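Input: a single structure, listed below in structure tokens.
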Amino acid sequence: MPVSDPDLAKLLLAGQFLSEDQIRKAQVYAAEKSIAFSEALEELDLISDENLGLLVADSLKFPLVVLSKVHIPREILEIVPEVVAGRQKVLAFAKDQDGLKLAMVDPENSEIREFIAKKTGDRVLAYLATQKDFARAMALYKKDLQKTFDELLKDKVDQAGKAEGSDVPITELVNLLIEYAYHNRASDIHIEPEEKVSLVRFRIDGVLHDVLRLPRNLHEQLMSRIKVVAKLRTDEHLSAQDGKMQATLPEETLDIRVSVVPTIKGEKAVMRLLSSRARQFTLTDLGMTEADLEKVKSGFQKSYGMVLSTGPTGSGKTTTIYAILKILNTRERNIATIEDPVEYDIEGINQIQVNPKTNLTFADGLRAILRQDPNIIFVGEIRDGETAGIAVNSAMTGHLVLSTLHTNDAATSLPRLVDMDIEPFLIASTVNVIVAQRLVRKICENCRVSQTVAAGELAKRLPAGLLEKHFGAKDEFRLYVGKGCPVCHNTGYRGRIGIFEVLVMDDHLKEAVCAKADANSLRSEALKSGMTTMLEDGLQKAVRGLTTIDEVIRATKE
């Protein structure tokens with residue numbers, strides 16, 4: 001940050017963004033974690049990176065640029081060489097009749113501004129970019145300089161085809177696949193055998209994209225290399241195997257979870273990229289509204305009880321729990337987790353990996369944790385009655401228990417616990433709050449356009465009451481879509497955001513649970529108490545231009 005920590009604290013106080021207690025909490029947290037004050041503010045979910053940038057930019061009298069929302073042409077990016085950009089924290093992002101626009105972590109650095117102006121002969125205009133946003137933008141150099149990654153991959157494929165018996169090109173090819181996936185924000189790499197090719201696909205924003213077709217004769221070499229690095233058996237081709245590996249990138253050391261399974265055409269590998277970027281999300285970043293955020297905070301700020309996150313696989317449950325753990329993780333608390341698998345290493349938290357080979361199950365791990373004097377326990381998933389029973393008893397005896405369930409909505413979680421032979425009165429007295437969620441793709445901000453949609457078209461797809469509530473009594477509505485651009489690879493979407501429903505266990509719901517009410521009755525009671533459904537939350541985000549109606553319906557109806 002181009003302003004000092006004391007000055008930043010004064011700005012936050014003067015603008016009434018934070019209270020003195022919140023600032024003191026962030027200062028203590030920053031000292032404990034040995035991180036910058038600005039990082040502590042974001043990790044504690046006190047202010048977003050963009051809002052912090054706006055505050056600092058306003059105080060310095062420079063405009064803010066959010067590079068993640070801007071398409072930077074290659075010819076503009078290369079005006080400032082990568083070496084200079086990295087060392088001076090400055091890059092060119094646009095050029096028009098006013099001059100060359102520079103994104104700078106420290107826009108007051110007049111020396112580098114004058115140097116670039118002299119070199120280019122252009123008038124330069126300085127914009128503030130946050131450190132976090134700038135670091136992400138530096139990845140553009142990796143993708144665009146010299147050759148595109150597609151060309152590099154093709155070169156490596158040609159080398160590998162010619163250099164039989166050598167594993168060096170294969171090693172480089174695997175490394176390039178990982179690097180290319182990382183810079184395209186992919187969560188998974190799929191390498192699938194087909195009759196004539198080996199197909200490589202990346203999962204980006206929840207959707208699989210074909211990115212490369214490799215010669216079929218390279219497939220076995222790729223599998224062997226991945227197995228070696230992931231410490232799997234290279235002579236085993238008929239059984240499923242799971243392992244882990246690491247890739248050292250300029251930005252971070254990337255943990256990768258590897259799964260290899262036999263198919264009728266050969267072995268298929270899936271590599272899950274566990275980037276620290278996923279750990280940096282706050283509850284606000286995930287898309288939770290202020291009203292829902294307050295409900296969730298009321299649940300996890302208690303020293304006892306249960307906070308449950310529910311939804312299908314891939315709905316972001318674990319990311320939400322990690323965002324909560326990040327807030328709760330202070331030196332005066334003993335936090336322990338039992339997970340399958342442990343996806344992210346969180347400093348200051350004791351994490352246990354489920355291991356069926358040693359009979360270390362969720363239930364056994366939870367029993368062991370209870371003998372470790374914990375304040376807060378995270379159970380990766382409640383799968384059976386035994387784990388549910390121990391978790392509920394833990395929540396009753398002065399522990400805050402966080403966990404996940406596989407249910408379609410918040411209300412269904414309560415009968416699900418009853419089905420696991422948990423007494424209704426125990427559920428009513430231990431559950432603090434239940435968060436149900438889905439992930440929807442965000443409209444690309446670089447190519448977002450509005451369009452009018454006839455009310456009749458939406459009426460066919462949405463309940464009439466909801467339509468009028470969120471859009472009003474009109475014949476047509478204005479909604480948003482992404483038309484496609486280079487930033488979003490012409491998909492119209494970039495990134496994902498959560499849609500949520502948050503059920504708070506109030507007195508009326510407790511009575512309904514004790515009376516063994518069904519999920520529909522519990523849902524109706526929660527709605528009376530002010531719960532916003534996932535569909536409604538999604539519609540609100542569609543009205544604001546964050547996502548599309550199609551995405552919301554897809555996520556809530558599947």
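Scheme for the structure tokens: letters A, B, ... for chains in order shown; per-chain residue numbers from 1; ligand numbers from 1 in order shown.
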Can you pull out every residue within 12 Å of A:Gln301, counting only C-alpha atoms, but drop anything in the same chain fewer than 6 positions away, and send it as a PyMOL selection string?
chain A and resi 293-295+307+324-325+327-329+375-376+399-402+432-433
Pull all heavy atoms from the residues just selected and write them as a short mmCIF file (atom, residue, chain, number, x, y, z; two decimals), in the first residue's frame.
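Output (result.cif):
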```
data_model
loop_
_atom_site.label_atom_id
_atom_site.label_comp_id
_atom_site.auth_asym_id
_atom_site.auth_seq_id
_atom_site.Cartn_x
_atom_site.Cartn_y
_atom_site.Cartn_z
N LEU A 293 -25.05 -12.13 5.55
CA LEU A 293 -23.75 -12.12 6.24
C LEU A 293 -23.94 -11.92 7.73
O LEU A 293 -23.29 -12.59 8.55
CB LEU A 293 -22.88 -11.00 5.65
CG LEU A 293 -21.41 -10.97 6.04
CD1 LEU A 293 -20.73 -12.29 5.72
CD2 LEU A 293 -20.70 -9.83 5.31
N GLU A 294 -24.83 -11.03 8.11
CA GLU A 294 -25.10 -10.79 9.53
C GLU A 294 -25.69 -12.03 10.19
O GLU A 294 -25.37 -12.35 11.34
CB GLU A 294 -26.05 -9.60 9.70
CG GLU A 294 -25.41 -8.25 9.42
CD GLU A 294 -24.15 -8.02 10.26
OE1 GLU A 294 -24.20 -8.24 11.49
OE2 GLU A 294 -23.11 -7.65 9.68
N LYS A 295 -26.55 -12.75 9.47
CA LYS A 295 -27.14 -13.97 10.02
C LYS A 295 -26.06 -15.03 10.26
O LYS A 295 -26.05 -15.70 11.30
CB LYS A 295 -28.20 -14.53 9.06
CG LYS A 295 -29.43 -13.66 8.92
CD LYS A 295 -30.37 -14.25 7.87
CE LYS A 295 -31.56 -13.35 7.62
NZ LYS A 295 -32.43 -13.89 6.55
N VAL A 307 -22.74 -24.73 12.93
CA VAL A 307 -22.94 -23.97 11.69
C VAL A 307 -22.78 -24.97 10.56
O VAL A 307 -21.73 -25.59 10.41
CB VAL A 307 -21.92 -22.82 11.56
CG1 VAL A 307 -22.07 -22.14 10.20
CG2 VAL A 307 -22.08 -21.81 12.68
N ILE A 324 -14.99 -18.74 6.92
CA ILE A 324 -15.39 -18.55 8.33
C ILE A 324 -14.23 -18.88 9.26
O ILE A 324 -13.93 -18.14 10.20
CB ILE A 324 -16.63 -19.42 8.66
CG1 ILE A 324 -17.84 -18.94 7.87
CG2 ILE A 324 -16.92 -19.40 10.17
CD1 ILE A 324 -19.06 -19.85 7.98
N LEU A 325 -13.54 -19.99 8.97
CA LEU A 325 -12.40 -20.39 9.81
C LEU A 325 -11.32 -19.31 9.82
O LEU A 325 -10.67 -19.07 10.84
CB LEU A 325 -11.81 -21.71 9.31
CG LEU A 325 -12.59 -22.99 9.64
CD1 LEU A 325 -11.95 -24.18 8.95
CD2 LEU A 325 -12.65 -23.22 11.15
N ILE A 327 -11.73 -16.16 9.66
CA ILE A 327 -12.14 -15.09 10.58
C ILE A 327 -11.95 -15.54 12.03
O ILE A 327 -11.51 -14.76 12.89
CB ILE A 327 -13.61 -14.71 10.33
CG1 ILE A 327 -13.78 -14.15 8.92
CG2 ILE A 327 -14.09 -13.69 11.37
CD1 ILE A 327 -15.22 -13.98 8.48
N LEU A 328 -12.25 -16.79 12.32
CA LEU A 328 -12.20 -17.30 13.69
C LEU A 328 -10.79 -17.65 14.15
O LEU A 328 -10.56 -17.84 15.35
CB LEU A 328 -13.08 -18.55 13.81
CG LEU A 328 -14.59 -18.35 13.59
CD1 LEU A 328 -15.29 -19.70 13.53
CD2 LEU A 328 -15.19 -17.49 14.68
N ASN A 329 -9.85 -17.75 13.21
CA ASN A 329 -8.52 -18.25 13.52
C ASN A 329 -7.66 -17.20 14.23
O ASN A 329 -6.96 -16.41 13.61
CB ASN A 329 -7.83 -18.69 12.22
CG ASN A 329 -6.48 -19.34 12.46
OD1 ASN A 329 -6.17 -19.75 13.59
ND2 ASN A 329 -5.68 -19.43 11.42
N ASN A 375 -11.60 -25.42 20.90
CA ASN A 375 -12.69 -24.43 20.99
C ASN A 375 -13.63 -24.58 19.80
O ASN A 375 -14.85 -24.47 19.94
CB ASN A 375 -12.14 -23.00 21.00
CG ASN A 375 -11.22 -22.74 22.17
OD1 ASN A 375 -10.01 -22.66 22.00
ND2 ASN A 375 -11.78 -22.62 23.35
N ILE A 376 -13.00 -24.79 18.62
CA ILE A 376 -13.77 -24.86 17.38
C ILE A 376 -13.35 -26.11 16.61
O ILE A 376 -12.16 -26.43 16.52
CB ILE A 376 -13.51 -23.61 16.51
CG1 ILE A 376 -13.97 -22.35 17.25
CG2 ILE A 376 -14.22 -23.71 15.17
CD1 ILE A 376 -13.46 -21.06 16.66
N HIS A 399 -18.59 -26.49 22.45
CA HIS A 399 -17.74 -26.35 21.27
C HIS A 399 -18.54 -25.76 20.12
O HIS A 399 -19.73 -26.04 19.98
CB HIS A 399 -17.18 -27.71 20.83
CG HIS A 399 -16.44 -28.44 21.90
ND1 HIS A 399 -17.05 -29.36 22.73
CD2 HIS A 399 -15.14 -28.39 22.29
CE1 HIS A 399 -16.16 -29.85 23.58
NE2 HIS A 399 -14.99 -29.27 23.33
N LEU A 400 -17.87 -24.95 19.30
CA LEU A 400 -18.49 -24.50 18.06
C LEU A 400 -18.09 -25.49 16.97
O LEU A 400 -16.90 -25.72 16.73
CB LEU A 400 -18.00 -23.10 17.68
CG LEU A 400 -18.57 -22.53 16.37
CD1 LEU A 400 -20.07 -22.31 16.47
CD2 LEU A 400 -17.88 -21.22 15.99
N VAL A 401 -19.08 -26.12 16.35
CA VAL A 401 -18.84 -27.16 15.35
C VAL A 401 -19.28 -26.64 13.98
O VAL A 401 -20.42 -26.21 13.80
CB VAL A 401 -19.59 -28.46 15.69
CG1 VAL A 401 -19.36 -29.51 14.60
CG2 VAL A 401 -19.14 -28.99 17.04
N LEU A 402 -18.36 -26.69 13.01
CA LEU A 402 -18.67 -26.34 11.63
C LEU A 402 -18.65 -27.62 10.81
O LEU A 402 -17.77 -28.46 11.00
CB LEU A 402 -17.64 -25.36 11.06
CG LEU A 402 -17.27 -24.14 11.91
CD1 LEU A 402 -16.16 -23.35 11.23
CD2 LEU A 402 -18.47 -23.26 12.14
N ASN A 432 -27.16 -23.57 15.05
CA ASN A 432 -27.26 -22.10 15.08
C ASN A 432 -27.77 -21.55 13.76
O ASN A 432 -28.68 -20.74 13.71
CB ASN A 432 -25.89 -21.47 15.37
CG ASN A 432 -25.35 -21.82 16.73
OD1 ASN A 432 -26.09 -22.25 17.61
ND2 ASN A 432 -24.05 -21.64 16.92
N VAL A 433 -27.13 -21.99 12.68
CA VAL A 433 -27.47 -21.45 11.36
C VAL A 433 -27.10 -22.48 10.29
O VAL A 433 -26.16 -23.27 10.47
CB VAL A 433 -26.72 -20.11 11.12
CG1 VAL A 433 -25.23 -20.31 11.04
CG2 VAL A 433 -27.21 -19.39 9.88
#
```
Taking the chain letters and numbering used in this document, name the residues of stretch 303-551 of chain A that DSSP puts in alpha helix (DSSP H), as a PyMOL selection string.
chain A and resi 317-328+362-370+385-396+413-419+424-430+455-459+464-471+507-514+519-528+534-543+549-551
Quick one: residues within 9 Å of stretch 78-83 of chain A, only C-alpha atoms, excluding same-chain residues fewer than 2 positions away - as a ChimeraX atom specification?
/A:73-76,85-88,90-92,116,120,138,141,144-145
Taking N, CA, C and O atoms for each residue, export the selection above as a PDB file, in the first residue's frame.
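Full text of out13.pdb as output:
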```pdb
ATOM      1  N   PRO A  73      -4.954  -5.143 -24.373  1.00  0.00           N
ATOM      2  CA  PRO A  73      -4.402  -5.650 -25.635  1.00  0.00           C
ATOM      3  C   PRO A  73      -2.918  -5.973 -25.474  1.00  0.00           C
ATOM      4  O   PRO A  73      -2.199  -5.293 -24.745  1.00  0.00           O
ATOM      5  N   ARG A  74      -2.483  -7.006 -26.160  1.00  0.00           N
ATOM      6  CA  ARG A  74      -1.095  -7.447 -26.035  1.00  0.00           C
ATOM      7  C   ARG A  74      -0.104  -6.347 -26.392  1.00  0.00           C
ATOM      8  O   ARG A  74       0.913  -6.162 -25.729  1.00  0.00           O
ATOM      9  N   GLU A  75      -0.424  -5.580 -27.470  1.00  0.00           N
ATOM     10  CA  GLU A  75       0.506  -4.539 -27.905  1.00  0.00           C
ATOM     11  C   GLU A  75       0.635  -3.420 -26.865  1.00  0.00           C
ATOM     12  O   GLU A  75       1.677  -2.769 -26.762  1.00  0.00           O
ATOM     13  N   ILE A  76      -0.409  -3.198 -26.075  1.00  0.00           N
ATOM     14  CA  ILE A  76      -0.350  -2.191 -24.999  1.00  0.00           C
ATOM     15  C   ILE A  76       0.447  -2.742 -23.818  1.00  0.00           C
ATOM     16  O   ILE A  76       1.317  -2.068 -23.252  1.00  0.00           O
ATOM     17  N   ALA A  85       8.029  -3.992 -15.346  1.00  0.00           N
ATOM     18  CA  ALA A  85       6.712  -4.067 -14.707  1.00  0.00           C
ATOM     19  C   ALA A  85       6.802  -4.740 -13.343  1.00  0.00           C
ATOM     20  O   ALA A  85       6.252  -4.249 -12.353  1.00  0.00           O
ATOM     21  N   GLY A  86       7.540  -5.871 -13.285  1.00  0.00           N
ATOM     22  CA  GLY A  86       7.660  -6.600 -12.023  1.00  0.00           C
ATOM     23  C   GLY A  86       8.449  -5.839 -10.971  1.00  0.00           C
ATOM     24  O   GLY A  86       8.097  -5.844  -9.798  1.00  0.00           O
ATOM     25  N   ARG A  87       9.521  -5.172 -11.408  1.00  0.00           N
ATOM     26  CA  ARG A  87      10.377  -4.474 -10.452  1.00  0.00           C
ATOM     27  C   ARG A  87       9.753  -3.165  -9.961  1.00  0.00           C
ATOM     28  O   ARG A  87       9.807  -2.844  -8.776  1.00  0.00           O
ATOM     29  N   GLN A  88       9.127  -2.425 -10.876  1.00  0.00           N
ATOM     30  CA  GLN A  88       8.580  -1.112 -10.531  1.00  0.00           C
ATOM     31  C   GLN A  88       7.089  -1.147 -10.185  1.00  0.00           C
ATOM     32  O   GLN A  88       6.518  -0.122  -9.812  1.00  0.00           O
ATOM     33  N   VAL A  90       4.438  -1.549 -12.197  1.00  0.00           N
ATOM     34  CA  VAL A  90       3.716  -0.672 -13.116  1.00  0.00           C
ATOM     35  C   VAL A  90       3.510  -1.411 -14.434  1.00  0.00           C
ATOM     36  O   VAL A  90       4.398  -2.138 -14.894  1.00  0.00           O
ATOM     37  N   LEU A  91       2.317  -1.304 -15.009  1.00  0.00           N
ATOM     38  CA  LEU A  91       2.096  -1.866 -16.338  1.00  0.00           C
ATOM     39  C   LEU A  91       1.116  -0.990 -17.113  1.00  0.00           C
ATOM     40  O   LEU A  91       0.287  -0.285 -16.533  1.00  0.00           O
ATOM     41  N   ALA A  92       1.234  -1.017 -18.432  1.00  0.00           N
ATOM     42  CA  ALA A  92       0.348  -0.242 -19.303  1.00  0.00           C
ATOM     43  C   ALA A  92      -0.914  -1.061 -19.570  1.00  0.00           C
ATOM     44  O   ALA A  92      -0.832  -2.259 -19.849  1.00  0.00           O
ATOM     45  N   ILE A 116       8.942   6.284 -18.377  1.00  0.00           N
ATOM     46  CA  ILE A 116       8.087   5.684 -19.405  1.00  0.00           C
ATOM     47  C   ILE A 116       7.632   6.741 -20.403  1.00  0.00           C
ATOM     48  O   ILE A 116       7.571   6.498 -21.613  1.00  0.00           O
ATOM     49  N   THR A 120       8.507   6.398 -24.377  1.00  0.00           N
ATOM     50  CA  THR A 120       7.419   6.199 -25.341  1.00  0.00           C
ATOM     51  C   THR A 120       7.072   7.473 -26.113  1.00  0.00           C
ATOM     52  O   THR A 120       6.480   7.402 -27.199  1.00  0.00           O
ATOM     53  N   MET A 138      -0.076  -9.515 -13.596  1.00  0.00           N
ATOM     54  CA  MET A 138       1.258  -9.873 -14.084  1.00  0.00           C
ATOM     55  C   MET A 138       1.255 -11.203 -14.829  1.00  0.00           C
ATOM     56  O   MET A 138       2.125 -11.473 -15.658  1.00  0.00           O
ATOM     57  N   TYR A 141       1.601 -11.380 -18.754  1.00  0.00           N
ATOM     58  CA  TYR A 141       2.889 -11.479 -19.446  1.00  0.00           C
ATOM     59  C   TYR A 141       3.206 -12.940 -19.747  1.00  0.00           C
ATOM     60  O   TYR A 141       3.719 -13.277 -20.804  1.00  0.00           O
ATOM     61  N   ASP A 144       1.051 -14.042 -22.791  1.00  0.00           N
ATOM     62  CA  ASP A 144       1.072 -13.382 -24.084  1.00  0.00           C
ATOM     63  C   ASP A 144       2.456 -13.123 -24.673  1.00  0.00           C
ATOM     64  O   ASP A 144       2.582 -12.915 -25.863  1.00  0.00           O
ATOM     65  N   LEU A 145       3.489 -13.086 -23.867  1.00  0.00           N
ATOM     66  CA  LEU A 145       4.809 -12.767 -24.410  1.00  0.00           C
ATOM     67  C   LEU A 145       5.346 -13.915 -25.266  1.00  0.00           C
ATOM     68  O   LEU A 145       5.090 -15.097 -24.990  1.00  0.00           O
TER      69      LEU A 145
END
```
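The interatomic distance for the pair atom CA of A:Asn408 and atom CA of A:Ala436 works out to 7.6 Å.
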Quick one: residues within 12 Å of A:Glu386, only C-alpha atoms, excluding same-chain residues fewer than 4 positions away - as an MDAnalysis selection string?
chainID A and resid 361:367 382 390:393 417 419:422
Could you please take those selected residues and save N, CA, C and O atoms as a PDB file, in the first residue's frame?
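File written: result_1.pdb
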```pdb
ATOM      1  N   THR A 361     -11.521 -42.586  10.624  1.00  0.00           N
ATOM      2  CA  THR A 361     -12.739 -42.086   9.991  1.00  0.00           C
ATOM      3  C   THR A 361     -13.093 -40.719  10.562  1.00  0.00           C
ATOM      4  O   THR A 361     -12.434 -40.225  11.491  1.00  0.00           O
ATOM      5  N   PHE A 362     -14.148 -40.111  10.010  1.00  0.00           N
ATOM      6  CA  PHE A 362     -14.626 -38.847  10.561  1.00  0.00           C
ATOM      7  C   PHE A 362     -14.978 -39.007  12.040  1.00  0.00           C
ATOM      8  O   PHE A 362     -14.624 -38.174  12.874  1.00  0.00           O
ATOM      9  N   ALA A 363     -15.675 -40.102  12.358  1.00  0.00           N
ATOM     10  CA  ALA A 363     -16.115 -40.318  13.742  1.00  0.00           C
ATOM     11  C   ALA A 363     -14.925 -40.509  14.679  1.00  0.00           C
ATOM     12  O   ALA A 363     -14.860 -39.893  15.750  1.00  0.00           O
ATOM     13  N   ASP A 364     -13.963 -41.351  14.266  1.00  0.00           N
ATOM     14  CA  ASP A 364     -12.795 -41.598  15.124  1.00  0.00           C
ATOM     15  C   ASP A 364     -11.935 -40.342  15.262  1.00  0.00           C
ATOM     16  O   ASP A 364     -11.423 -40.035  16.337  1.00  0.00           O
ATOM     17  N   GLY A 365     -11.770 -39.626  14.151  1.00  0.00           N
ATOM     18  CA  GLY A 365     -10.995 -38.388  14.195  1.00  0.00           C
ATOM     19  C   GLY A 365     -11.646 -37.354  15.086  1.00  0.00           C
ATOM     20  O   GLY A 365     -10.971 -36.633  15.842  1.00  0.00           O
ATOM     21  N   LEU A 366     -12.972 -37.272  15.034  1.00  0.00           N
ATOM     22  CA  LEU A 366     -13.710 -36.318  15.867  1.00  0.00           C
ATOM     23  C   LEU A 366     -13.575 -36.662  17.343  1.00  0.00           C
ATOM     24  O   LEU A 366     -13.397 -35.772  18.195  1.00  0.00           O
ATOM     25  N   ARG A 367     -13.606 -37.956  17.665  1.00  0.00           N
ATOM     26  CA  ARG A 367     -13.406 -38.372  19.069  1.00  0.00           C
ATOM     27  C   ARG A 367     -12.019 -37.961  19.555  1.00  0.00           C
ATOM     28  O   ARG A 367     -11.852 -37.482  20.677  1.00  0.00           O
ATOM     29  N   ILE A 382     -20.619 -34.486   7.419  1.00  0.00           N
ATOM     30  CA  ILE A 382     -21.390 -35.405   8.258  1.00  0.00           C
ATOM     31  C   ILE A 382     -22.054 -36.412   7.320  1.00  0.00           C
ATOM     32  O   ILE A 382     -22.988 -36.085   6.593  1.00  0.00           O
ATOM     33  N   ILE A 390     -21.795 -37.523  17.414  1.00  0.00           N
ATOM     34  CA  ILE A 390     -20.640 -36.951  18.126  1.00  0.00           C
ATOM     35  C   ILE A 390     -20.585 -35.443  17.904  1.00  0.00           C
ATOM     36  O   ILE A 390     -20.300 -34.668  18.823  1.00  0.00           O
ATOM     37  N   ALA A 391     -20.877 -34.998  16.658  1.00  0.00           N
ATOM     38  CA  ALA A 391     -20.844 -33.569  16.342  1.00  0.00           C
ATOM     39  C   ALA A 391     -21.885 -32.811  17.153  1.00  0.00           C
ATOM     40  O   ALA A 391     -21.603 -31.739  17.711  1.00  0.00           O
ATOM     41  N   VAL A 392     -23.090 -33.352  17.241  1.00  0.00           N
ATOM     42  CA  VAL A 392     -24.160 -32.697  17.999  1.00  0.00           C
ATOM     43  C   VAL A 392     -23.813 -32.643  19.491  1.00  0.00           C
ATOM     44  O   VAL A 392     -23.992 -31.611  20.150  1.00  0.00           O
ATOM     45  N   ASN A 393     -23.297 -33.743  20.019  1.00  0.00           N
ATOM     46  CA  ASN A 393     -22.911 -33.751  21.433  1.00  0.00           C
ATOM     47  C   ASN A 393     -21.774 -32.765  21.708  1.00  0.00           C
ATOM     48  O   ASN A 393     -21.739 -32.121  22.760  1.00  0.00           O
ATOM     49  N   LEU A 417     -30.837 -34.726   9.491  1.00  0.00           N
ATOM     50  CA  LEU A 417     -30.226 -35.064  10.779  1.00  0.00           C
ATOM     51  C   LEU A 417     -31.124 -35.995  11.593  1.00  0.00           C
ATOM     52  O   LEU A 417     -30.645 -36.892  12.289  1.00  0.00           O
ATOM     53  N   ASP A 419     -33.099 -38.182  10.264  1.00  0.00           N
ATOM     54  CA  ASP A 419     -32.923 -39.492   9.612  1.00  0.00           C
ATOM     55  C   ASP A 419     -31.663 -40.201  10.099  1.00  0.00           C
ATOM     56  O   ASP A 419     -31.551 -41.428   9.984  1.00  0.00           O
ATOM     57  N   MET A 420     -30.691 -39.417  10.601  1.00  0.00           N
ATOM     58  CA  MET A 420     -29.459 -40.003  11.141  1.00  0.00           C
ATOM     59  C   MET A 420     -29.604 -40.356  12.621  1.00  0.00           C
ATOM     60  O   MET A 420     -28.612 -40.532  13.323  1.00  0.00           O
ATOM     61  N   ASP A 421     -30.859 -40.420  13.074  1.00  0.00           N
ATOM     62  CA  ASP A 421     -31.185 -40.822  14.452  1.00  0.00           C
ATOM     63  C   ASP A 421     -30.729 -39.806  15.505  1.00  0.00           C
ATOM     64  O   ASP A 421     -30.419 -40.180  16.641  1.00  0.00           O
ATOM     65  N   ILE A 422     -30.718 -38.522  15.129  1.00  0.00           N
ATOM     66  CA  ILE A 422     -30.464 -37.467  16.110  1.00  0.00           C
ATOM     67  C   ILE A 422     -31.807 -37.000  16.642  1.00  0.00           C
ATOM     68  O   ILE A 422     -32.727 -36.713  15.858  1.00  0.00           O
TER      69      ILE A 422
END
```
Please list as a PDB file with C-alpha atoms, in the first residue's frame every residue within 7 Å of A:Gln353, counting only C-alpha atoms and excluding residues in the same chain fewer than 4 positions away.
```pdb
ATOM      1  CA  ILE A 338     -11.020 -33.586  10.340  1.00  0.00           C
ATOM      2  CA  GLU A 339     -11.235 -33.523   6.531  1.00  0.00           C
ATOM      3  CA  ASP A 340     -11.304 -35.819   3.505  1.00  0.00           C
ATOM      4  CA  PRO A 341      -9.133 -34.597   1.940  1.00  0.00           C
ATOM      5  CA  VAL A 342      -7.358 -31.654   3.576  1.00  0.00           C
TER       6      VAL A 342
END
```
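Residues surrounding A:His209 within 10 Å are Ala186, Ile189, His190, Val200, Arg201, Phe202 and Arg203 of chain A [only C-alpha atoms; sequence separation below 6 positions excluded].
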Interatomic distance between atom CA of A:Asp242 and atom CA of A:Val258?
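Computed distance, atom CA of A:Asp242 to atom CA of A:Val258, equals 5.7 Å.
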Nearest candidate to A:Arg272 (options A:Arg136, A:Lys244, A:Lys25, A:Lys557; using only C-alpha atoms)
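Distance minimum relative to A:Arg272 lands on A:Lys244.
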Please identify all polymer residues within 9 Å of stretch 443-453 of chain A, counting only C-alpha atoms, omitting same-chain residues fewer than 2 positions from it, and present them as a PyMOL selection string.
chain A and resi 69-71+441+455-458+475-485+487-488+491-496+545-548
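Residue nearest A:Gly314, chosen from A:Asp345, A:Glu290, A:Asp205, A:Glu236 and counting only C-alpha atoms: A:Asp205.
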With distances taken over only C-alpha atoms, which residue among A:Glu220, A:Asp122, A:Asp210, A:Asp285 lies nearest A:Leu44?
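The answer is A:Asp285, which sits nearest to A:Leu44.
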Can you list every residue in stretch 262-384 of chain A that DSSP puts in strand (DSSP E), as an NGL selection string?
:A and (262-263 or 266-274 or 305-310 or 335-339 or 350-353 or 376-379)
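With atom CA of A:Ser187 on one side and atom CA of A:Leu273 on the other, the separation reads 5.3 Å.
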My list of candidates is A:Asp507, A:Asp235, A:Glu501, A:Glu179. Which is closest to A:Glu251 when distances are computed with only C-alpha atoms?
A:Glu179
